[in-house]
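In what follows, a single structure is set out as structure tokens and then discussed.
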Amino acid sequence: KEFVSSANLTLLSSDLLCDVGEIDQTIESRKILCKALSEQYFNLRIDLKGPNDSWIIKGITGYLSELQLRTFHGNNDYRLKIKRDIDRLVQLENSENLYVPPLASLAGYLIEQVGKLNPLDLQSLKEILELKSRLIFVLLERKIERNFLQKLLSHIYAETLITRSNRDGFSCHLFLKLIKRLTGKDLKGFTDQWIFNSGCPMFSLSFFHNRKRSMIEFEMASLRRLGSFKFSGNLT
């Protein structure tokens, strides 16, 4: 393992040390350091109600680590990373031989299937959990704007102190309730599609030249395939 995070300390592998001239390793080391710092702050300070709520922590730490890397590598690298993550997630979720439960129950399913599932399938499900959790927060940033998302992250920590004093953990239900309280927006359609259901939407796009109108006409349709669902909502 490349690093181990604790409340006030992070241990890193000596393999991450490199000379200034080694550009490739410098980039990889930055990624690991950013992830380690994010996990050190959030992963150990938020008590969860159950394993199925762990996607919230994975999403927060993954989202924050990518934002830190954005300051080092720029917007283009950040957008390319998101594009590659989306492509990889679609590839995994549309796999014919892999059952993928909804994100809200994926972590619990992984625990139940340890020793039962094929190691490759288990690894694929872990990758889906990491990718989808992080991308949910990227989508949330666009839905509720970054200022509200930053407020949300600070309120999550405050809410955790309350649940800890009540001997109760932070849950997905509290997370969604907190979003509605801070923004006033009802994200039920969004959460039903991306958190409480599995799969990724797929679209077909075609176009043709209408000579009578002297214009290009486009047609987009939502496809129904294994691992995908019919998309409903705004395309932004």
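Following the order of the structure tokens, first chain is A, next is B, and so on, with residues numbered from 1 inside each chain and ligands from 1 in the order they appear.
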Per residue of range 42-97 of chain A within 12 Å of range 186-197 of chain A, note the shortest atom pair and the distance in Å to one decimal, counting only C-alpha atoms, and order the rows by chain and increasing residue number, as a tab-separated table.
```
residue	atom	partner	partner_atom	distance
A:Asn52	CA	A:Ile195	CA	11.1
A:Asp53	CA	A:Ile195	CA	10.8
A:Trp55	CA	A:Ile195	CA	9.6
A:Ile56	CA	A:Ile195	CA	10.5
A:Gly59	CA	A:Ile195	CA	11.8
A:Glu93	CA	A:Asn197	CA	11.7
```
Point to revise | Distance query Tyr78 in chain A at most 12 Å, only C-alpha atoms, self and fewer than 3 positions along chain excluded, as a PyMOL selection string | key: chain A and resi 31+63-75+81-85+138
Exercise for review: Could you check which of A:Phe175, A:Lys212, A:Glu22, A:Thr183 is closest to Ile144 in chain A, using only C-alpha atoms?
Suggested key: A:Thr183
Exercise for review: Can you pull out every residue within 8 Å of Asp121 in chain A, counting only C-alpha atoms, but drop anything in the same chain fewer than 4 positions away, and send it as a ChimeraX atom specification?
Suggested key: /A:98,117,125
Store the residues picked out above, limited to C-alpha atoms, as a CSV table (one decimal), in the first residue's frame.
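File written: out_33.csv
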```csv
chain,number,residue,atom,x,y,z
A,98,LEU,CA,-21.1,-8.3,-13.8
A,117,LEU,CA,-17.1,-13.4,-6.0
A,125,LEU,CA,-16.9,-3.4,-8.1
```
Counting only C-alpha atoms, which residues of range 8-98 of chain A fall within 12 Å of range 157-160 of chain A, and what is the closest atom pair for each with its distance in Å at one decimal, ordered by chain and rising number, as JSON lines?
```
{"residue": "A:Tyr41", "atom": "CA", "partner": "A:Tyr157", "partner_atom": "CA", "distance": 10.2}
{"residue": "A:Phe42", "atom": "CA", "partner": "A:Tyr157", "partner_atom": "CA", "distance": 8.2}
{"residue": "A:Asn43", "atom": "CA", "partner": "A:Tyr157", "partner_atom": "CA", "distance": 10.8}
{"residue": "A:Leu44", "atom": "CA", "partner": "A:Tyr157", "partner_atom": "CA", "distance": 10.9}
{"residue": "A:Arg45", "atom": "CA", "partner": "A:Tyr157", "partner_atom": "CA", "distance": 7.5}
{"residue": "A:Ile46", "atom": "CA", "partner": "A:Thr160", "partner_atom": "CA", "distance": 5.8}
{"residue": "A:Asp47", "atom": "CA", "partner": "A:Thr160", "partner_atom": "CA", "distance": 6.6}
{"residue": "A:Leu48", "atom": "CA", "partner": "A:Thr160", "partner_atom": "CA", "distance": 8.5}
{"residue": "A:Lys49", "atom": "CA", "partner": "A:Thr160", "partner_atom": "CA", "distance": 10.4}
{"residue": "A:Ile57", "atom": "CA", "partner": "A:Tyr157", "partner_atom": "CA", "distance": 11.2}
{"residue": "A:Ile60", "atom": "CA", "partner": "A:Tyr157", "partner_atom": "CA", "distance": 11.5}
```
Can you write just those residues out, C-alpha atoms, as an mmCIF file, in the first residue's frame?
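The file below, out-v2.cif, is the result:
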```cif
data_model
loop_
_atom_site.group_PDB
_atom_site.id
_atom_site.type_symbol
_atom_site.label_atom_id
_atom_site.label_comp_id
_atom_site.auth_asym_id
_atom_site.auth_seq_id
_atom_site.Cartn_x
_atom_site.Cartn_y
_atom_site.Cartn_z
ATOM 1 C CA TYR A 41 -8.961 14.939 7.162
ATOM 2 C CA PHE A 42 -12.356 13.458 6.221
ATOM 3 C CA ASN A 43 -12.024 9.681 6.365
ATOM 4 C CA LEU A 44 -11.223 9.592 10.069
ATOM 5 C CA ARG A 45 -13.401 12.456 11.283
ATOM 6 C CA ILE A 46 -16.789 11.333 10.032
ATOM 7 C CA ASP A 47 -18.528 8.429 11.771
ATOM 8 C CA LEU A 48 -20.825 6.581 9.396
ATOM 9 C CA LYS A 49 -24.037 4.832 10.328
ATOM 10 C CA ILE A 57 -16.539 9.538 2.328
ATOM 11 C CA ILE A 60 -15.646 13.587 -0.705
#
```
Practice item. Run DSSP on the backbone of this structure and report the residues of range 23-226 of chain A it assigns to alpha helix (DSSP H), as a count of residues only. Key: 130
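The space separating CA of Leu139 in chain A from CA of Ile27 in chain A comes to 25.4 Å.
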Exercise for review: Do a neighbour search on Tyr109 in chain A at 10 Å with only C-alpha atoms, toss out local chain neighbours closer than 6 positions, and write the hits as a ChimeraX atom specification.
Suggested key: /A:51-52,100-103,125
